[in-house]
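Some notes on the structure that comes next.
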Amino acid sequence: MRTLKLFIAAILISTAIHAQQSTIYENKSFHSEKLQREVNYALYLPASYNTSDKAYPVLYLLHGGSGSHVDWVRNGTVQQIADQSIAAGKSIEMIIVMPDAWDTWYANGTEPNSNYEDMFISELIPYIEANYRTITQKSYRAIAGLSMGGFGALNYTLHHPNLFGITCAYSPAVRTDNDITEMEQNTYDNRFHTLFGTKGKVGNARLNPAWRRYDVLTQVREFPEADRRKLNIHVYCGDDDYLFPGNTQLWAELNKARIPFQFRVLDGAHTWSFWRMSLRETLPIISAQFTR
């Protein structure tokens with residue numbers, strides 16, 4: 001009898017745990033009029049989403065270069081990290097949206113139907129807020145990303161200071177003017193020519209207005225003083241990351257501009273192990289912003 005009771009209890013516990021699991025969808029999509037194509041996104045819904053009628057804060061989590069919308073699911077173990085943080089009481093439940101950005105740098109390009117930033121701000125965010133139970137105030141909307149995604153997160157925050165309550169950039173792809181002007185030609189053309197319309201350009205000719213609009217360092221220097229207190233930026237970079245020089249320059253510019261920020265240098269490189277660690281560390285910080 002005792003064995004039977006233990007067996008039944010184990011089944012009930014297992015059922016309860018299963019019922020409380022979060023849900024990951026890898027291949028959601030919506031049609032973008034601005035891009036004239038389908039935009040895929042992965043989605044994390046917290047455990048209580050399907051059994052409650054409450055609304056949730058949202059984290060937009062951006063992938064890096066040559067990646068896709070499933071990177072944070074498959075390589076970043078976002079479901080496990082979020083579930084563990086919530087179960088430990090370190091984070092609150094939230095919706096996490098992971099859109100596909102191809103190699104657009106999350107920017108408005110120079111070719112037809114390439115205005116990714118416009119799509120993100122005026123189509124994706126409204127779509128998510130119309131189709132899922134979200135809290136739509138700024139303080140309940142966060143953005144984070146790795147490398148190219150960190151570049152995108154910083155740009156969206158600087159371009160739209162009223163949209164996000166907190167921004168986390170992991171190894172953001174911040175480059176100085178010197179990094180751009182001296183970049184090897186094939187690397188530069190493959191990475192940036194369709195974005196900034198500067199294929200074949202060398203030296204200072206690469207530093208055109210299209211680049212300046214997305215140059216994080218220039219934007220920080222020129223950011224309006226009246227809007228500085230609206231920002232809440234957290235930057236994480238590994239001490240062995242090849243982007244460390246650009247990130248240290250970002251630290252200097254943020255400090256000089258007196259923009260609210262936290263900058264952490266941790267042991268690590270430009271790797272998934274570092275980005276997973278960064279997400280674990282920042283989810284509670286993001287949650288603290290949501291619960292202010």
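Just remember, in the structure tokens the first chain shown is A, the second B, etc., residues are 1-based per chain, and ligands are 1-based in the order shown.
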(message) Residues of range 9-236 of chain A classed as alpha helix (DSSP H) by DSSP on the backbone are to be reported as a VMD selection string.
(response) chain A and resid 9 to 19 71 to 74 78 to 87 116 to 119 125 to 131 148 to 159 177 to 181 185 to 196 209 to 214 216 to 222
Keeping only C-alpha atoms, write those residues as a CSV table (one decimal), in the first residue's frame.
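So again_19.csv came out as:
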```
chain,number,residue,atom,x,y,z
A,9,ALA,CA,2.3,10.8,-5.4
A,10,ALA,CA,5.1,10.6,-7.9
A,11,ILE,CA,2.6,10.7,-10.7
A,12,LEU,CA,0.8,13.7,-9.3
A,13,ILE,CA,4.0,15.6,-8.8
A,14,SER,CA,5.2,14.7,-12.3
A,15,THR,CA,1.8,15.9,-13.7
A,16,ALA,CA,2.0,19.1,-11.7
A,17,ILE,CA,5.5,19.9,-12.9
A,18,HIS,CA,4.5,19.1,-16.5
A,19,ALA,CA,1.5,21.3,-16.3
A,71,ASP,CA,19.7,30.6,-31.9
A,72,TRP,CA,18.7,31.6,-28.4
A,73,VAL,CA,16.5,28.5,-28.2
A,74,ARG,CA,19.0,26.0,-29.5
A,78,VAL,CA,16.8,30.4,-23.2
A,79,GLN,CA,13.9,28.1,-21.9
A,80,GLN,CA,16.1,26.4,-19.4
A,81,ILE,CA,17.7,29.6,-18.2
A,82,ALA,CA,14.4,31.5,-17.9
A,83,ASP,CA,12.6,28.6,-16.2
A,84,GLN,CA,15.4,28.1,-13.7
A,85,SER,CA,15.6,31.8,-12.9
A,86,ILE,CA,11.8,32.0,-12.4
A,87,ALA,CA,11.6,28.8,-10.3
A,116,TYR,CA,14.3,46.2,-40.8
A,117,GLU,CA,14.3,48.8,-38.0
A,118,ASP,CA,11.1,50.3,-39.3
A,119,MET,CA,9.6,46.9,-39.4
A,125,ILE,CA,6.2,45.3,-31.6
A,126,PRO,CA,2.5,46.2,-32.4
A,127,TYR,CA,1.9,42.7,-33.7
A,128,ILE,CA,3.2,41.1,-30.5
A,129,GLU,CA,1.2,43.4,-28.3
A,130,ALA,CA,-2.0,42.8,-30.4
A,131,ASN,CA,-1.7,39.0,-30.4
A,148,MET,CA,25.0,42.0,-33.9
A,149,GLY,CA,22.0,41.8,-31.6
A,150,GLY,CA,23.7,43.9,-29.0
A,151,PHE,CA,24.4,46.4,-31.7
A,152,GLY,CA,20.7,46.3,-32.7
A,153,ALA,CA,19.5,46.6,-29.1
A,154,LEU,CA,21.7,49.7,-28.4
A,155,ASN,CA,20.6,51.3,-31.7
A,156,TYR,CA,16.9,50.8,-31.0
A,157,THR,CA,17.3,52.2,-27.5
A,158,LEU,CA,19.2,55.3,-28.7
A,159,HIS,CA,16.8,55.9,-31.6
A,177,ASP,CA,35.8,54.7,-36.9
A,178,ASN,CA,39.3,53.2,-37.2
A,179,ASP,CA,37.8,49.7,-37.1
A,180,ILE,CA,35.6,50.6,-40.1
A,181,THR,CA,38.2,52.5,-42.2
A,185,GLN,CA,38.0,45.0,-48.0
A,186,ASN,CA,36.3,41.6,-48.5
A,187,THR,CA,35.3,41.5,-44.9
A,188,TYR,CA,33.8,45.0,-45.1
A,189,ASP,CA,32.0,44.4,-48.4
A,190,ASN,CA,30.5,41.1,-47.2
A,191,ARG,CA,29.4,42.6,-43.9
A,192,PHE,CA,28.3,46.1,-44.6
A,193,HIS,CA,28.0,47.1,-48.2
A,194,THR,CA,24.2,46.4,-48.6
A,195,LEU,CA,23.5,48.1,-45.3
A,196,PHE,CA,25.4,51.3,-45.9
A,209,PRO,CA,25.6,59.3,-43.2
A,210,ALA,CA,24.1,55.8,-43.4
A,211,TRP,CA,26.9,54.5,-41.2
A,212,ARG,CA,26.7,57.4,-38.8
A,213,ARG,CA,23.0,56.7,-38.1
A,214,TYR,CA,24.0,53.3,-36.7
A,216,VAL,CA,26.7,53.6,-31.6
A,217,LEU,CA,29.6,55.7,-30.4
A,218,THR,CA,28.5,58.8,-32.4
A,219,GLN,CA,25.0,58.4,-31.2
A,220,VAL,CA,26.0,58.3,-27.6
A,221,ARG,CA,28.2,61.4,-28.0
A,222,GLU,CA,25.3,63.3,-29.7
```
(message) I'd like the neighbourhood of Ala288 in chain A as a PyMOL selection string, where a residue qualifies if any of its atoms comes within 10 Å (using only C-alpha atoms), though same-chain residues fewer than 3 positions away should be ignored.
(response) chain A and resi 90-92+166+282-285+291-292
Requested write-out: C-alpha atoms of the selected residues, as a CSV table (one decimal), in the first residue's frame:
```csv
chain,number,residue,atom,x,y,z
A,90,LYS,CA,15.2,35.5,-9.2
A,91,SER,CA,13.0,36.5,-12.1
A,92,ILE,CA,9.3,37.0,-12.8
A,166,ILE,CA,16.0,48.4,-19.9
A,282,THR,CA,20.7,39.9,-16.5
A,283,LEU,CA,17.3,38.2,-16.3
A,284,PRO,CA,17.0,39.1,-12.6
A,285,ILE,CA,18.1,42.7,-13.4
A,291,THR,CA,8.7,45.2,-10.9
A,292,ARG,CA,9.7,48.8,-10.0
```
(message) Nearest residue to Ser139 in chain A out of A:Asn162, A:Thr51, A:Ser66, A:Thr271, using only C-alpha atoms?
(response)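 Among A:Asn162, A:Thr51, A:Ser66, A:Thr271, it is A:Asn162 that comes nearest to Ser139 in chain A.
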(message) Can you tell me which residues surround Phe263 in chain A at a distance of at most 12 Å, considering only C-alpha atoms, apart from same-chain residues fewer than 5 positions away, and format the answer as a list in words?
(response)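 Near neighbours after the sequence-gap exclusion: Thr167, Cys168, Ala169, Tyr170, Ser171, Pro172, Asn232, Ile233, His234, Val235, Tyr236, Cys237, Gly238, Phe244, Asn247, Thr248, Gln249, Leu250, Trp251, Ala252, Glu253, Leu254, Asn255, Ser278 and Thr282 of chain A.
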Those selected residues, please, written with N, CA and C atoms and delivered as a compact mmCIF listing (two decimals), in the first residue's frame.
```txt
# COMPACT_ATOMS: atom_id res chain seq x y z
N THR A 167 17.87 47.93 -21.33
CA THR A 167 18.58 47.39 -22.50
C THR A 167 19.81 46.64 -22.02
N CYS A 168 19.97 45.39 -22.50
CA CYS A 168 21.15 44.59 -22.16
C CYS A 168 21.86 44.18 -23.45
N ALA A 169 23.13 44.54 -23.56
CA ALA A 169 23.92 44.22 -24.75
C ALA A 169 25.08 43.32 -24.35
N TYR A 170 25.10 42.11 -24.92
CA TYR A 170 26.14 41.14 -24.62
C TYR A 170 27.15 41.12 -25.77
N SER A 171 28.40 41.46 -25.49
CA SER A 171 29.44 41.53 -26.53
C SER A 171 28.95 42.33 -27.73
N PRO A 172 28.38 43.51 -27.53
CA PRO A 172 27.80 44.23 -28.68
C PRO A 172 28.86 44.57 -29.72
N ASN A 232 18.49 53.05 -19.61
CA ASN A 232 18.96 52.12 -18.57
C ASN A 232 19.69 51.00 -19.30
N ILE A 233 20.99 51.19 -19.51
CA ILE A 233 21.78 50.32 -20.38
C ILE A 233 22.74 49.46 -19.56
N HIS A 234 22.78 48.17 -19.90
CA HIS A 234 23.70 47.22 -19.26
C HIS A 234 24.52 46.54 -20.35
N VAL A 235 25.84 46.66 -20.26
CA VAL A 235 26.73 46.08 -21.26
C VAL A 235 27.60 45.03 -20.59
N TYR A 236 27.66 43.84 -21.20
CA TYR A 236 28.51 42.75 -20.71
C TYR A 236 29.49 42.38 -21.83
N CYS A 237 30.77 42.31 -21.49
CA CYS A 237 31.77 41.93 -22.49
C CYS A 237 32.84 41.07 -21.84
N GLY A 238 33.28 40.05 -22.56
CA GLY A 238 34.34 39.18 -22.06
C GLY A 238 35.71 39.83 -22.22
N PHE A 244 36.37 43.70 -27.55
CA PHE A 244 36.63 44.39 -26.28
C PHE A 244 37.07 45.85 -26.49
N ASN A 247 34.10 48.00 -27.09
CA ASN A 247 33.26 48.04 -25.91
C ASN A 247 33.84 48.96 -24.83
N THR A 248 35.15 48.98 -24.70
CA THR A 248 35.75 49.89 -23.73
C THR A 248 35.57 51.34 -24.17
N GLN A 249 35.59 51.59 -25.48
CA GLN A 249 35.31 52.93 -25.97
C GLN A 249 33.86 53.31 -25.69
N LEU A 250 32.95 52.33 -25.80
CA LEU A 250 31.56 52.57 -25.46
C LEU A 250 31.43 52.96 -23.99
N TRP A 251 32.15 52.25 -23.12
CA TRP A 251 32.15 52.60 -21.69
C TRP A 251 32.55 54.05 -21.50
N ALA A 252 33.62 54.46 -22.18
CA ALA A 252 34.12 55.83 -22.02
C ALA A 252 33.08 56.85 -22.49
N GLU A 253 32.43 56.57 -23.62
CA GLU A 253 31.46 57.53 -24.16
C GLU A 253 30.20 57.59 -23.30
N LEU A 254 29.72 56.45 -22.82
CA LEU A 254 28.56 56.45 -21.93
C LEU A 254 28.86 57.22 -20.64
N ASN A 255 30.04 57.01 -20.12
CA ASN A 255 30.44 57.70 -18.90
C ASN A 255 30.53 59.21 -19.12
N SER A 278 25.66 35.60 -19.45
CA SER A 278 25.16 36.98 -19.42
C SER A 278 23.65 37.00 -19.27
N THR A 282 21.49 38.69 -16.22
CA THR A 282 20.68 39.88 -16.47
C THR A 282 19.17 39.64 -16.36
```
(message) Taking 2 positions as the minimum chain separation for residues in the same chain, which residues sit within 12 Å of Ala226 in chain A when counting only C-alpha atoms? Answer as a list in words.
(response) Pro161, Glu222, Phe223, Pro224, Arg228, Arg229, Lys230, Leu231, Ala257, Arg258 and Ile259 of chain A
Pull C-alpha atoms from the residues just selected and write them as a tab-separated table (two decimals), in the first residue's frame.
```tsv
chain	number	residue	atom	x	y	z
A	161	PRO	CA	14.35	56.25	-25.89
A	222	GLU	CA	25.27	63.27	-29.66
A	223	PHE	CA	22.43	61.87	-27.56
A	224	PRO	CA	20.11	64.67	-26.33
A	228	ARG	CA	19.58	60.72	-21.02
A	229	ARG	CA	17.72	59.81	-17.84
A	230	LYS	CA	15.26	57.78	-19.92
A	231	LEU	CA	17.92	55.14	-20.63
A	257	ALA	CA	27.65	61.49	-21.67
A	258	ARG	CA	26.36	60.67	-18.16
A	259	ILE	CA	23.88	58.19	-19.55
```
So that I can check the secondary structure, give me every residue of range 44-220 of chain A assigned strand (DSSP E or B) by backbone DSSP, as a CSV table (one decimal) with C-alpha atoms, in the first residue's frame.
```
chain,number,residue,atom,x,y,z
A,44,TYR,CA,8.9,31.8,-25.1
A,45,LEU,CA,5.6,31.8,-23.1
A,56,TYR,CA,3.0,39.8,-19.0
A,58,VAL,CA,8.1,41.3,-22.8
A,59,LEU,CA,11.8,40.8,-23.5
A,60,TYR,CA,12.9,41.1,-27.1
A,61,LEU,CA,16.0,38.9,-27.4
A,62,LEU,CA,18.1,39.4,-30.5
A,95,ILE,CA,7.2,36.6,-22.6
A,96,ILE,CA,10.4,36.4,-24.7
A,97,VAL,CA,10.3,37.2,-28.4
A,98,MET,CA,13.3,36.2,-30.6
A,99,PRO,CA,12.9,37.6,-34.2
A,108,ASN,CA,17.3,50.2,-42.2
A,115,ASN,CA,14.0,48.8,-43.6
A,134,THR,CA,1.4,41.9,-22.9
A,141,ARG,CA,9.3,46.2,-22.3
A,142,ALA,CA,12.9,45.2,-22.5
A,143,ILE,CA,15.5,44.5,-25.2
A,144,ALA,CA,18.7,42.5,-25.2
A,145,GLY,CA,21.0,40.9,-27.7
A,146,LEU,CA,24.4,39.4,-28.5
A,166,ILE,CA,16.0,48.4,-19.9
A,167,THR,CA,18.6,47.4,-22.5
A,168,CYS,CA,21.2,44.6,-22.2
A,169,ALA,CA,23.9,44.2,-24.8
A,170,TYR,CA,26.1,41.1,-24.6
```
(message) Would you pick out the contacts of Val70 in chain A at 8 Å or less, using only C-alpha atoms, so that residues sharing its chain but fewer than 5 positions from it are not included, and give the list as a list in words?
(response) Glu26, Tyr41, Ala42, Met98 and Asp100 of chain A
(message) When you look at Ser32 in chain A with a cut-off of 7 Å (counting only C-alpha atoms), what residues show up, excluding the ones that are within fewer than 6 positions of it in the same chain? I need them as a list in words.
(response) Glu38, Val39, Met119 and Glu123 of chain A
Please produce a file of those selected residues containing N, CA, C and O atoms, as a PDB file, in the first residue's frame.
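Dumped everything to again02.pdb:
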```pdb
ATOM      1  N   GLU A  38       7.729  37.281 -45.120  1.00  0.00           N
ATOM      2  CA  GLU A  38       7.414  36.740 -43.809  1.00  0.00           C
ATOM      3  C   GLU A  38       8.604  36.941 -42.872  1.00  0.00           C
ATOM      4  O   GLU A  38       9.760  36.770 -43.280  1.00  0.00           O
ATOM      5  N   VAL A  39       8.305  37.283 -41.648  1.00  0.00           N
ATOM      6  CA  VAL A  39       9.338  37.416 -40.621  1.00  0.00           C
ATOM      7  C   VAL A  39       9.104  36.327 -39.580  1.00  0.00           C
ATOM      8  O   VAL A  39       8.052  36.286 -38.934  1.00  0.00           O
ATOM      9  N   MET A 119      10.433  48.021 -39.605  1.00  0.00           N
ATOM     10  CA  MET A 119       9.577  46.855 -39.416  1.00  0.00           C
ATOM     11  C   MET A 119       9.485  46.492 -37.938  1.00  0.00           C
ATOM     12  O   MET A 119       8.393  46.272 -37.390  1.00  0.00           O
ATOM     13  N   GLU A 123       5.900  47.453 -36.849  1.00  0.00           N
ATOM     14  CA  GLU A 123       5.114  46.259 -37.188  1.00  0.00           C
ATOM     15  C   GLU A 123       5.268  45.147 -36.151  1.00  0.00           C
ATOM     16  O   GLU A 123       4.271  44.626 -35.648  1.00  0.00           O
TER      17      GLU A 123
END
```
(message) Rounded to one decimal, what separation in Å do you get between CA of Tyr140 in chain A and CA of Phe164 in chain A?
(response)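 One can read the CA of Tyr140 in chain A to CA of Phe164 in chain A distance as 7.7 Å.
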(message) When you count only C-alpha atoms, which of these residues is closest to Gly64 in chain A: A:Phe274, A:Phe120, A:Tyr106, A:Phe290?
(response)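 Distance minimum relative to Gly64 in chain A lands on A:Tyr106.
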(request) Using only C-alpha atoms, find the one residue out of A:Leu43, A:Leu279, A:Met183, A:Ala205 that sits nearest to His69 in chain A. (result)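 For His69 in chain A, the nearest of the given residues is A:Leu43.
With distances restricted to only C-alpha atoms, A:Leu124 is the closest residue to Phe30 in chain A from A:Ser147, A:Ser273, A:Val265, A:Leu124.
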